[in-house]
file target39.csv (CSV, C-alpha atoms and all ligand atoms)
chain,number,residue,atom,x,y,z
A,1,MET,CA,-29.0,-7.0,24.4
A,2,THR,CA,-32.6,-5.9,24.3
A,3,GLN,CA,-33.8,-2.4,25.0
A,4,PRO,CA,-33.5,-1.0,28.5
A,5,VAL,CA,-36.6,-2.1,30.6
A,6,PRO,CA,-38.5,-0.1,33.2
A,7,PRO,CA,-37.8,-1.4,36.7
A,8,ASP,CA,-40.9,-3.1,38.1
A,9,PRO,CA,-41.3,-6.0,40.5
A,10,SER,CA,-41.1,-8.6,37.6
A,11,THR,CA,-38.1,-7.1,35.8
A,12,ILE,CA,-36.2,-6.6,39.1
A,13,GLU,CA,-36.9,-10.2,40.0
A,14,ALA,CA,-35.7,-11.4,36.6
A,15,ALA,CA,-32.6,-9.2,36.9
A,16,GLY,CA,-31.9,-10.8,40.3
A,17,ALA,CA,-32.1,-14.2,38.8
A,18,LEU,CA,-29.8,-13.2,35.9
A,19,LEU,CA,-27.2,-12.1,38.5
A,20,ARG,CA,-27.4,-15.4,40.4
A,21,ALA,CA,-27.0,-17.1,37.0
A,22,GLY,CA,-23.7,-15.3,36.5
A,23,ARG,CA,-24.9,-12.8,33.9
A,24,LEU,CA,-24.3,-9.0,33.8
A,25,VAL,CA,-27.1,-6.6,34.6
A,26,ALA,CA,-26.8,-2.8,34.3
A,27,PHE,CA,-28.8,-0.8,36.8
A,28,PRO,CA,-29.1,2.8,38.1
A,29,THR,CA,-27.6,4.0,41.3
A,30,GLU,CA,-27.6,7.5,42.7
A,31,THR,CA,-24.0,7.9,41.4
A,32,VAL,CA,-23.8,6.4,37.9
A,33,TYR,CA,-25.2,3.3,36.1
A,34,GLY,CA,-23.4,0.2,37.5
A,35,LEU,CA,-22.5,-3.0,35.6
A,36,GLY,CA,-23.6,-5.6,38.1
A,37,ALA,CA,-22.3,-9.1,38.6
A,38,ASP,CA,-22.5,-11.6,41.4
A,39,ALA,CA,-19.4,-10.8,43.5
A,40,THR,CA,-19.1,-14.4,44.7
A,41,GLN,CA,-18.7,-16.0,41.2
A,42,ASP,CA,-15.3,-15.9,39.6
A,43,GLU,CA,-16.6,-16.2,36.1
A,44,ALA,CA,-19.2,-13.5,36.6
A,45,VAL,CA,-16.6,-11.1,37.9
A,46,ARG,CA,-14.3,-11.9,35.1
A,47,ARG,CA,-17.0,-11.0,32.6
A,48,VAL,CA,-17.2,-7.5,34.1
A,49,TYR,CA,-13.5,-7.0,33.5
A,50,ALA,CA,-13.8,-8.4,30.0
A,51,ALA,CA,-16.9,-6.3,29.1
A,52,LYS,CA,-15.2,-3.0,30.3
A,53,GLY,CA,-11.7,-3.8,29.2
A,54,ARG,CA,-10.8,-3.0,32.8
A,55,PRO,CA,-7.2,-3.7,34.0
A,56,ALA,CA,-7.2,-6.7,36.3
A,57,HIS,CA,-5.3,-4.7,39.0
A,58,ASN,CA,-8.2,-2.3,39.4
A,59,PRO,CA,-10.4,-3.7,42.2
A,60,LEU,CA,-14.2,-3.5,42.3
A,61,ILE,CA,-16.6,-2.1,44.8
A,62,VAL,CA,-19.1,-4.6,46.4
A,63,HIS,CA,-22.6,-3.3,46.6
A,64,LEU,CA,-24.8,-4.3,49.5
A,65,PRO,CA,-28.4,-3.5,50.6
A,66,ASP,CA,-27.5,-2.6,54.2
A,67,LEU,CA,-25.0,-2.6,56.9
A,68,ALA,CA,-26.0,-6.0,58.2
A,69,ALA,CA,-25.0,-7.5,54.8
A,70,ALA,CA,-21.5,-6.1,55.4
A,71,GLU,CA,-20.9,-7.7,58.7
A,72,PRO,CA,-19.8,-11.2,57.3
A,73,LEU,CA,-17.6,-9.6,54.7
A,74,VAL,CA,-15.4,-7.1,56.5
A,75,HIS,CA,-14.2,-5.9,59.9
A,76,LEU,CA,-16.1,-2.7,60.8
A,77,ASP,CA,-14.4,-0.5,63.3
A,78,GLU,CA,-16.0,2.4,65.3
A,79,ARG,CA,-15.2,4.9,62.5
A,80,ALA,CA,-16.8,2.7,59.8
A,81,ARG,CA,-19.9,2.4,62.0
A,82,LEU,CA,-20.2,6.1,62.6
A,83,LEU,CA,-19.9,6.8,58.9
A,84,ALA,CA,-22.4,4.1,58.0
A,85,ALA,CA,-24.9,5.5,60.5
A,86,ALA,CA,-24.4,9.0,59.0
A,87,PHE,CA,-24.1,8.3,55.3
A,88,TRP,CA,-25.5,4.9,54.3
A,89,PRO,CA,-27.3,4.3,52.2
A,90,GLY,CA,-25.5,6.8,50.0
A,91,PRO,CA,-22.6,7.6,47.7
A,92,LEU,CA,-19.8,6.6,50.2
A,93,THR,CA,-17.5,3.6,49.7
A,94,LEU,CA,-15.5,2.3,52.6
A,95,VAL,CA,-12.3,0.2,52.1
A,96,LEU,CA,-12.0,-2.1,55.1
A,97,PRO,CA,-10.0,-5.2,56.2
A,98,ALA,CA,-11.7,-8.3,54.5
A,99,ARG,CA,-12.8,-11.2,56.6
A,100,PRO,CA,-10.9,-14.3,55.4
A,101,GLY,CA,-13.1,-16.8,53.6
A,102,ASN,CA,-15.9,-14.2,53.0
A,103,GLY,CA,-16.8,-15.8,49.7
A,104,ILE,CA,-16.0,-12.7,47.5
A,105,SER,CA,-14.2,-13.6,44.3
A,106,VAL,CA,-10.4,-12.9,44.4
A,107,HIS,CA,-10.9,-11.2,41.0
A,108,ALA,CA,-13.1,-8.6,42.6
A,109,THR,CA,-10.4,-7.5,45.1
A,110,ALA,CA,-7.4,-7.9,42.7
A,111,GLY,CA,-6.0,-10.1,45.4
A,112,LEU,CA,-5.9,-7.4,48.1
A,113,MET,CA,-6.6,-8.2,51.8
A,114,THR,CA,-9.1,-5.3,51.9
A,115,LEU,CA,-12.6,-5.0,50.4
A,116,ALA,CA,-14.4,-1.8,49.2
A,117,ILE,CA,-18.1,-1.8,50.1
A,118,ARG,CA,-21.0,0.5,49.5
A,119,VAL,CA,-24.7,0.6,50.3
A,120,PRO,CA,-26.5,2.6,47.5
A,121,VAL,CA,-29.6,4.6,48.2
A,122,HIS,CA,-31.2,4.5,44.8
A,123,PRO,CA,-34.5,2.5,45.1
A,124,VAL,CA,-33.9,0.4,42.0
A,125,ALA,CA,-30.4,-0.5,43.2
A,126,GLN,CA,-31.8,-1.3,46.6
A,127,ALA,CA,-34.6,-3.5,45.1
A,128,LEU,CA,-32.1,-5.3,42.8
A,129,LEU,CA,-29.6,-6.1,45.6
A,130,ARG,CA,-32.4,-7.6,47.7
A,131,ALA,CA,-33.7,-9.6,44.7
A,132,ALA,CA,-30.2,-10.9,43.9
A,133,GLY,CA,-29.6,-11.9,47.5
A,134,ARG,CA,-25.8,-11.8,46.9
A,135,PRO,CA,-23.1,-9.2,47.1
A,136,VAL,CA,-22.9,-7.4,43.7
A,137,VAL,CA,-19.8,-5.8,42.1
A,138,ALA,CA,-20.9,-2.8,40.1
A,139,PRO,CA,-18.3,-0.6,38.5
A,140,SER,CA,-19.5,2.1,36.1
A,141,ALA,CA,-21.3,0.5,33.0
A,142,ASN,CA,-18.9,1.9,30.4
A,143,PRO,CA,-15.7,0.9,28.7
A,144,SER,CA,-12.7,1.4,31.1
A,145,GLY,CA,-11.3,4.9,30.8
A,146,ARG,CA,-14.3,6.5,29.0
A,147,VAL,CA,-17.0,8.8,30.3
A,148,SER,CA,-19.3,7.2,32.9
A,149,PRO,CA,-23.0,6.6,32.1
A,150,THR,CA,-25.7,8.5,33.9
A,151,ARG,CA,-28.6,7.4,31.6
A,152,ALA,CA,-29.7,3.9,30.4
A,153,ALA,CA,-29.1,4.9,26.8
A,154,HIS,CA,-25.5,5.6,27.6
A,155,VAL,CA,-25.1,2.0,28.8
A,156,GLN,CA,-26.8,0.7,25.7
A,157,ASP,CA,-24.6,2.8,23.4
A,158,ASP,CA,-21.4,1.8,25.2
A,159,LEU,CA,-21.6,-1.9,26.2
A,160,GLY,CA,-24.2,-3.4,23.8
A,161,PRO,CA,-24.5,-7.2,23.8
A,162,ALA,CA,-22.2,-7.9,26.8
A,163,VAL,CA,-25.1,-6.9,29.1
A,164,ALA,CA,-28.0,-9.3,29.6
A,165,LEU,CA,-30.4,-6.6,30.9
A,166,VAL,CA,-30.4,-2.9,31.5
A,167,LEU,CA,-32.8,-1.5,34.1
A,168,ASP,CA,-33.8,2.0,33.1
A,169,GLY,CA,-34.2,4.2,36.2
A,170,GLY,CA,-33.9,7.5,34.4
A,171,GLU,CA,-31.1,10.0,35.2
A,172,CYS,CA,-28.7,9.3,38.1
A,173,PRO,CA,-29.4,12.0,40.7
A,174,VAL,CA,-25.9,12.6,42.0
A,175,GLY,CA,-24.1,11.9,38.7
A,176,LEU,CA,-20.5,11.4,40.1
A,177,GLU,CA,-19.1,8.1,41.4
A,178,SER,CA,-19.0,7.4,45.1
A,179,THR,CA,-16.4,8.9,47.4
A,180,VAL,CA,-13.8,6.2,48.3
A,181,LEU,CA,-12.5,6.3,51.8
A,182,ASP,CA,-9.7,3.9,53.0
A,183,LEU,CA,-10.2,2.9,56.7
A,184,SER,CA,-8.1,-0.3,56.4
A,185,ARG,CA,-5.5,1.3,58.7
A,186,PRO,CA,-6.5,2.3,62.3
A,187,ASP,CA,-4.1,5.3,62.3
A,188,ARG,CA,-5.5,7.2,59.3
A,189,ALA,CA,-8.5,7.8,57.2
A,190,ALA,CA,-7.5,8.3,53.6
A,191,LEU,CA,-9.6,9.8,50.8
A,192,LEU,CA,-8.8,7.7,47.8
A,193,ARG,CA,-11.3,9.3,45.4
A,194,PRO,CA,-13.4,12.4,45.9
A,195,GLY,CA,-17.0,11.7,44.8
A,196,GLY,CA,-20.6,12.2,45.4
A,197,LEU,CA,-20.3,12.7,49.2
A,198,PRO,CA,-18.2,15.8,49.9
A,199,ARG,CA,-15.0,15.5,51.9
A,200,GLU,CA,-16.3,18.1,54.4
A,201,ALA,CA,-19.3,15.8,55.3
A,202,ILE,CA,-16.9,13.0,56.3
A,203,GLU,CA,-14.5,15.3,58.1
A,204,ALA,CA,-17.4,16.6,60.2
A,205,VAL,CA,-17.7,13.1,61.6
A,206,LEU,CA,-14.0,11.8,61.6
A,207,GLY,CA,-11.9,14.9,61.6
A,208,PRO,CA,-9.3,15.7,58.9
A,209,LEU,CA,-8.6,13.1,56.2
A,210,VAL,CA,-5.3,12.5,54.4
A,211,GLY,CA,-5.0,12.7,50.6
A,212,PRO,CA,-5.4,13.0,47.8
A,213,GLY,CA,-5.0,16.6,46.6
A,214,GLY,CA,-1.4,17.8,46.3
A,215,ASP,CA,-0.2,15.5,49.1
A,216,PRO,CA,3.2,13.9,48.1
A,217,ALA,CA,2.6,11.1,50.6
A,218,ARG,CA,-0.8,10.6,49.0
A,219,PRO,CA,-2.2,7.2,49.5
A,220,ALA,CA,-2.4,5.4,46.1
A,221,ALA,CA,-5.6,3.7,45.2
A,222,PRO,CA,-5.0,0.6,43.1
A,223,GLY,CA,-6.1,1.1,39.6
A,224,MET,CA,-6.7,4.8,39.7
A,225,LEU,CA,-5.4,6.0,36.4
A,226,ALA,CA,-4.5,9.6,35.4
A,227,SER,CA,-6.5,9.4,32.2
A,228,HIS,CA,-10.1,8.4,32.8
A,229,TYR,CA,-13.6,9.8,31.9
A,230,ALA,CA,-12.1,10.6,28.5
A,231,PRO,CA,-14.4,11.8,25.6
A,232,ALA,CA,-13.1,11.2,22.1
A,233,ALA,CA,-12.3,14.9,21.7
A,234,PRO,CA,-9.4,16.4,23.7
A,235,VAL,CA,-10.3,18.5,26.7
A,236,ARG,CA,-8.9,21.9,27.7
A,237,LEU,CA,-9.4,23.0,31.3
A,238,ASP,CA,-9.8,26.4,33.0
A,239,ALA,CA,-10.8,28.1,29.7
A,240,LYS,CA,-11.4,31.9,30.0
A,241,SER,CA,-12.2,32.2,26.3
A,242,VAL,CA,-13.2,29.8,23.5
A,243,ALA,CA,-12.0,29.1,20.0
A,244,PRO,CA,-14.5,28.8,17.2
A,245,ARG,CA,-13.9,25.1,16.7
A,246,GLU,CA,-14.4,24.3,20.4
A,247,ALA,CA,-17.4,23.0,22.3
A,248,LEU,CA,-17.8,24.7,25.7
A,249,LEU,CA,-18.8,23.3,29.1
A,250,ALA,CA,-19.8,26.4,31.0
A,251,PHE,CA,-20.8,26.9,34.7
A,252,GLY,CA,-22.8,29.9,36.1
A,253,THR,CA,-23.6,33.2,34.3
A,254,ASP,CA,-20.1,34.1,33.1
A,255,VAL,CA,-20.2,32.2,29.7
A,256,PRO,CA,-17.4,33.0,27.2
A,257,PRO,CA,-18.9,33.6,23.8
A,258,GLY,CA,-18.1,32.1,20.4
A,259,ALA,CA,-18.2,28.3,21.0
A,260,LEU,CA,-19.4,25.9,18.3
A,261,ALA,CA,-21.9,24.6,21.0
A,262,THR,CA,-22.3,25.5,24.6
A,263,PHE,CA,-23.5,23.2,27.4
A,264,ASN,CA,-24.0,24.9,30.8
A,265,LEU,CA,-23.5,22.5,33.7
A,266,SER,CA,-25.6,24.8,36.0
A,267,PRO,CA,-26.6,28.3,34.9
A,268,SER,CA,-27.3,29.2,38.5
A,269,GLY,CA,-23.9,28.0,39.6
A,270,ASP,CA,-25.3,25.0,41.7
A,271,LEU,CA,-22.7,22.3,42.2
A,272,ALA,CA,-25.1,19.5,42.7
A,273,GLU,CA,-26.8,20.3,39.4
A,274,ALA,CA,-23.4,20.6,37.7
A,275,ALA,CA,-22.4,17.2,39.0
A,276,ALA,CA,-25.6,15.6,37.8
A,277,ASN,CA,-25.1,17.1,34.3
A,278,LEU,CA,-21.3,16.6,34.0
A,279,PHE,CA,-21.1,13.2,32.3
A,280,ALA,CA,-24.1,13.6,30.0
A,281,MET,CA,-22.9,17.1,28.9
A,282,LEU,CA,-19.3,15.8,28.3
A,283,ARG,CA,-20.9,13.2,26.0
A,284,ALA,CA,-23.1,15.8,24.3
A,285,ALA,CA,-20.1,18.1,23.8
A,286,ASP,CA,-18.2,15.2,22.3
A,287,ARG,CA,-21.0,14.7,19.8
A,288,ALA,CA,-21.0,18.4,18.8
A,289,GLY,CA,-18.4,17.9,16.0
A,290,ALA,CA,-15.9,20.2,17.7
A,291,ASP,CA,-12.1,19.8,17.5
A,292,ARG,CA,-11.8,20.2,21.3
A,293,ILE,CA,-13.9,20.6,24.4
A,294,ALA,CA,-13.1,23.7,26.5
A,295,VAL,CA,-14.2,23.8,30.2
A,296,VAL,CA,-14.5,26.9,32.4
A,297,PRO,CA,-12.9,26.8,35.9
A,298,ILE,CA,-15.1,25.1,38.5
A,299,PRO,CA,-14.1,26.8,41.8
A,300,GLY,CA,-15.0,26.0,45.3
A,301,ALA,CA,-15.2,23.2,47.8
A,302,GLY,CA,-17.8,20.4,48.4
A,303,LEU,CA,-18.7,18.6,45.2
A,304,ALA,CA,-16.4,20.9,43.2
A,305,GLU,CA,-13.5,18.8,44.4
A,306,ALA,CA,-14.9,15.7,42.7
A,307,ILE,CA,-16.0,17.6,39.6
A,308,ARG,CA,-12.5,19.0,39.2
A,309,ASP,CA,-11.0,15.5,39.7
A,310,ARG,CA,-13.2,14.0,36.9
A,311,LEU,CA,-12.4,17.0,34.6
A,312,ARG,CA,-8.6,16.7,35.2
A,313,ARG,CA,-8.7,13.0,34.3
A,314,SER,CA,-10.8,13.7,31.2
A,315,ALA,CA,-8.1,16.1,30.1
A,316,ALA,CA,-5.1,14.0,31.1
A,317,PRO,CA,-2.7,12.7,28.4
A,318,ARG,CA,-4.0,9.3,27.2
A,319,SER,CA,-1.9,6.3,26.9
B,1,LIG,P1,-15.0,2.0,40.0
B,1,LIG,O1,-15.6,0.7,40.2
B,1,LIG,O2,-14.6,2.3,38.6
B,1,LIG,O3,-15.9,3.1,40.6
B,1,LIG,O4,-13.7,2.1,40.8
B,1,LIG,C1,-13.6,1.6,42.1
B,1,LIG,C2,-12.4,2.2,42.7
B,1,LIG,O5,-12.4,1.8,44.1
B,1,LIG,C3,-11.1,1.5,42.2
B,1,LIG,O6,-10.6,2.2,41.1
B,1,LIG,C4,-10.1,1.6,43.4
B,1,LIG,O7,-9.4,2.8,43.3
B,1,LIG,C5,-11.1,1.6,44.6
B,1,LIG,N1,-11.0,0.4,45.3
B,1,LIG,C6,-11.8,-0.7,45.1
B,1,LIG,N2,-11.4,-1.7,46.0
B,1,LIG,C7,-10.4,-1.2,46.7
B,1,LIG,C8,-9.5,-1.7,47.7
B,1,LIG,N3,-9.7,-3.0,48.2
B,1,LIG,N4,-8.6,-0.9,48.2
B,1,LIG,C9,-8.4,0.3,47.7
B,1,LIG,N5,-9.2,0.9,46.7
B,1,LIG,C10,-10.1,0.1,46.2
B,2,MG,MG,-15.7,3.9,36.4
call {"tool": "encode", "arguments": {"input": "target39.csv", "output": "structure tokens", "more": "lines below"}}
Ligand code: AMP
Ligand code: MG
result
Amino acid sequence: MTQPVPPDPSTIEAAGALLRAGRLVAFPTETVYGLGADATQDEAVRRVYAAKGRPAHNPLIVHLPDLAAAEPLVHLDERARLLAAAFWPGPLTLVLPARPGNGISVHATAGLMTLAIRVPVHPVAQALLRAAGRPVVAPSANPSGRVSPTRAAHVQDDLGPAVALVLDGGECPVGLESTVLDLSRPDRAALLRPGGLPREAIEAVLGPLVGPGGDPARPAAPGMLASHYAPAAPVRLDAKSVAPREALLAFGTDVPPGALATFNLSPSGDLAEAAANLFAMLRAADRAGADRIAVVPIPGAGLAEAIRDRLRRSAAPRS
């Protein structure tokens, strides 16, 4: 792989051609950097799983430039159209019944009858999807189970030669993966993964969602693993104090003293800023030479739910 390139009309055109040729292109979205491949080519989609070391049972999200591009792929009901009108383009993924014969590779959906789709708002992602002219799978551009990339340099560090081209769009503004909502059943809307669009925003449109927090009947998302987003160092949550050999992820003004290195997700206690910094600071804390990464509690609703989800997984026992 060469160095990340700035996105301009000629590099975006070239990236679109690489995707159509079955190659992998990493690109910025508002959530994290995606590892893009043509969703209609089996071999291209298989390359994504191989590059990430991703389990084959973990289905991929298909990225589209607009709602019109979704019509031939899935059945959109009234709820899906309301949410698309309210939140697309943006960090919301909808799981919907797939239209048979929609051309999407069976590897992308892990053989399911449903398809997860998203319309990203990032201008580089938008331009690339239009240049490709195909539906594009784009999981996070990092090895499966590790910390997601929010800078082009993260992708280059993590995936190296597997990627034909990296478009460098700077820092991802949201910094957390999309919220995944399952609308495949008419009788319930299920939150499969909290993410960059807060649950409360969806509930303001649809009413209460089921899952995932603390719900024993919680809908299981295929491929969602307890351990994910894991730095090399172990992670300790809800830290009220710090040991000398620990690196600290802090939030707000109440910062426990004595850490080997301290990274404040948002000194002013702003959740959007904390989300945007989360993965880059987890990576930085991991490089600080500490024995462990301690993280202060991140209280509250809205984006805090997704931040806590990522931190919980980063701290989960690894297999
Ligand atoms: P990632 O690409 O790593 O952001 O993960 C995408 C996530 O979306 C997967 O881990 C699944 O949990 C979820 N997903 C994708 N496709 C489907 C589907 N057809 N049904 C349910 N969940 C899905
Ligand atoms: Mg990922």
call {"tool": "atom_distance", "arguments": {"input": "target39.csv", "atom1": "atom CA of A:Asn264", "atom2": "atom P1 of ligand LIG 1 (chain B)"}}
result
26.3 Å
call {"tool": "residues_near_ligand", "arguments": {"input": "target39.csv", "ligand": "ligand MG 2 (chain B)", "cutoff": "12 Å", "atoms": "all atoms listed in the file", "output": "count of residues only"}}
result
45
call {"tool": "atom_distance", "arguments": {"input": "target39.csv", "atom1": "atom CA of A:Leu94", "atom2": "atom CA of A:Leu181"}}
result
5.1 Å
call {"tool": "residues_near_point", "arguments": {"input": "target39.csv", "point": "(-17.0, 17.4, 52.0)", "cutoff": "10 Å", "atoms": "all atoms listed in the file", "output": "short mmCIF file (atom, residue, chain, number, x, y, z; two decimals) with C-alpha atoms, in the coordinates of the input"}}
result
data_model
loop_
_atom_site.label_atom_id
_atom_site.label_comp_id
_atom_site.auth_asym_id
_atom_site.auth_seq_id
_atom_site.Cartn_x
_atom_site.Cartn_y
_atom_site.Cartn_z
CA THR A 179 -16.40 8.90 47.40
CA PRO A 194 -13.40 12.40 45.90
CA GLY A 195 -17.00 11.70 44.80
CA GLY A 196 -20.60 12.20 45.40
CA LEU A 197 -20.30 12.70 49.20
CA PRO A 198 -18.20 15.80 49.90
CA ARG A 199 -15.00 15.50 51.90
CA GLU A 200 -16.30 18.10 54.40
CA ALA A 201 -19.30 15.80 55.30
CA ILE A 202 -16.90 13.00 56.30
CA GLU A 203 -14.50 15.30 58.10
CA ALA A 204 -17.40 16.60 60.20
CA ALA A 301 -15.20 23.20 47.80
CA GLY A 302 -17.80 20.40 48.40
CA LEU A 303 -18.70 18.60 45.20
CA ALA A 304 -16.40 20.90 43.20
CA GLU A 305 -13.50 18.80 44.40
CA ALA A 306 -14.90 15.70 42.70
#
call {"tool": "closest_residue", "arguments": {"input": "target39.csv", "among": "A:Met281, A:Ile293, A:Ala37, A:Ala276", "to": "ligand LIG 1 (chain B)", "atoms": "all atoms listed in the file"}}
result
A:Ala37
call {"tool": "closest_atom_pairs", "arguments": {"input": "target39.csv", "of": "stretch 48-135 of chain A", "to": "stretch 5-28 of chain A", "cutoff": "10 Å", "atoms": "all atoms listed in the file", "output": "JSON lines"}}
result
{"residue": "A:Val48", "atom": "CA", "partner": "A:Leu24", "partner_atom": "CA", "distance": 7.3}
{"residue": "A:Ala51", "atom": "CA", "partner": "A:Leu24", "partner_atom": "CA", "distance": 9.2}
{"residue": "A:Pro120", "atom": "CA", "partner": "A:Pro28", "partner_atom": "CA", "distance": 9.8}
{"residue": "A:His122", "atom": "CA", "partner": "A:Pro28", "partner_atom": "CA", "distance": 7.2}
{"residue": "A:Pro123", "atom": "CA", "partner": "A:Pro28", "partner_atom": "CA", "distance": 8.8}
{"residue": "A:Val124", "atom": "CA", "partner": "A:Pro28", "partner_atom": "CA", "distance": 6.6}
{"residue": "A:Ala125", "atom": "CA", "partner": "A:Pro28", "partner_atom": "CA", "distance": 6.2}
{"residue": "A:Gln126", "atom": "CA", "partner": "A:Pro28", "partner_atom": "CA", "distance": 9.8}
{"residue": "A:Ala127", "atom": "CA", "partner": "A:Ile12", "partner_atom": "CA", "distance": 6.9}
{"residue": "A:Leu128", "atom": "CA", "partner": "A:Ile12", "partner_atom": "CA", "distance": 5.7}
{"residue": "A:Leu129", "atom": "CA", "partner": "A:Gly16", "partner_atom": "CA", "distance": 7.4}
{"residue": "A:Arg130", "atom": "CA", "partner": "A:Gly16", "partner_atom": "CA", "distance": 8.1}
{"residue": "A:Ala131", "atom": "CA", "partner": "A:Gly16", "partner_atom": "CA", "distance": 4.9}
{"residue": "A:Ala132", "atom": "CA", "partner": "A:Gly16", "partner_atom": "CA", "distance": 4.0}
{"residue": "A:Gly133", "atom": "CA", "partner": "A:Gly16", "partner_atom": "CA", "distance": 7.6}
{"residue": "A:Arg134", "atom": "CA", "partner": "A:Arg20", "partner_atom": "CA", "distance": 7.6}
{"residue": "A:Pro135", "atom": "CA", "partner": "A:Leu19", "partner_atom": "CA", "distance": 10.0}
call {"tool": "closest_residue", "arguments": {"input": "target39.csv", "among": "A:Cys172, A:Ala84, A:Ala243, A:Ala110", "to": "ligand LIG 1 (chain B)", "atoms": "only C-alpha atoms and all ligand atoms"}}
result
A:Ala110
call {"tool": "closest_residue", "arguments": {"input": "target39.csv", "among": "A:Pro72, A:Pro267, A:Pro208, A:Pro161", "to": "A:Gln3", "atoms": "all atoms listed in the file"}}
result
A:Pro161
call {"tool": "closest_residue", "arguments": {"input": "target39.csv", "among": "A:Ala162, A:Ala284, A:Ala69, A:Leu278", "to": "A:Thr262", "atoms": "only C-alpha atoms"}}
result
A:Ala284
call {"tool": "closest_residue", "arguments": {"input": "target39.csv", "among": "A:Ser266, A:Ser314, A:Ser184, A:Asn102", "to": "A:Ala80", "atoms": "all atoms listed in the file"}}
result
A:Ser184
call {"tool": "closest_residue", "arguments": {"input": "target39.csv", "among": "A:Glu246, A:Asp66, A:Asp182, A:Glu78", "to": "ligand LIG 1 (chain B)", "atoms": "all atoms listed in the file"}}
result
A:Asp182
call {"tool": "residues_around", "arguments": {"input": "target39.csv", "residues": "A:Ala39", "least_positions_apart": "4", "cutoff": "9 Å", "atoms": "only C-alpha atoms", "output": "PyMOL selection string"}}
result
chain A and resi 44-45+62-63+103-105+107-108+134-138
call {"tool": "write_last_selection", "arguments": {"input": "target39.csv", "atoms": "C-alpha atoms", "output": "compact mmCIF listing (two decimals), in the coordinates of the input"}}
result
# COMPACT_ATOMS: atom_id res chain seq x y z
CA ALA A 44 -19.20 -13.50 36.60
CA VAL A 45 -16.60 -11.10 37.90
CA VAL A 62 -19.10 -4.60 46.40
CA HIS A 63 -22.60 -3.30 46.60
CA GLY A 103 -16.80 -15.80 49.70
CA ILE A 104 -16.00 -12.70 47.50
CA SER A 105 -14.20 -13.60 44.30
CA HIS A 107 -10.90 -11.20 41.00
CA ALA A 108 -13.10 -8.60 42.60
CA ARG A 134 -25.80 -11.80 46.90
CA PRO A 135 -23.10 -9.20 47.10
CA VAL A 136 -22.90 -7.40 43.70
CA VAL A 137 -19.80 -5.80 42.10
CA ALA A 138 -20.90 -2.80 40.10
call {"tool": "residues_near_point", "arguments": {"input": "target39.csv", "point": "(-10.7, -4.8, 55.2)", "cutoff": "9 Å", "atoms": "all atoms listed in the file", "output": "PyMOL selection string"}}
result
chain A and resi 73-76+94-99+112-116+183-185
call {"tool": "residues_around", "arguments": {"input": "target39.csv", "residues": "A:Gly289", "least_positions_apart": "3", "cutoff": "9 Å", "atoms": "all atoms listed in the file", "output": "PyMOL selection string"}}
result
chain A and resi 233+245-247+260+285-286+292
call {"tool": "atom_distance", "arguments": {"input": "target39.csv", "atom1": "atom CA of A:Gly252", "atom2": "atom CA of A:His154"}}
result
25.9 Å
call {"tool": "residues_around", "arguments": {"input": "target39.csv", "residues": "A:Asp187", "least_positions_apart": "4", "cutoff": "12 Å", "atoms": "only C-alpha atoms", "output": "list in words"}}
result
Asp77, Arg79, Asp182, Leu183, Leu206, Leu209 and Val210 of chain A
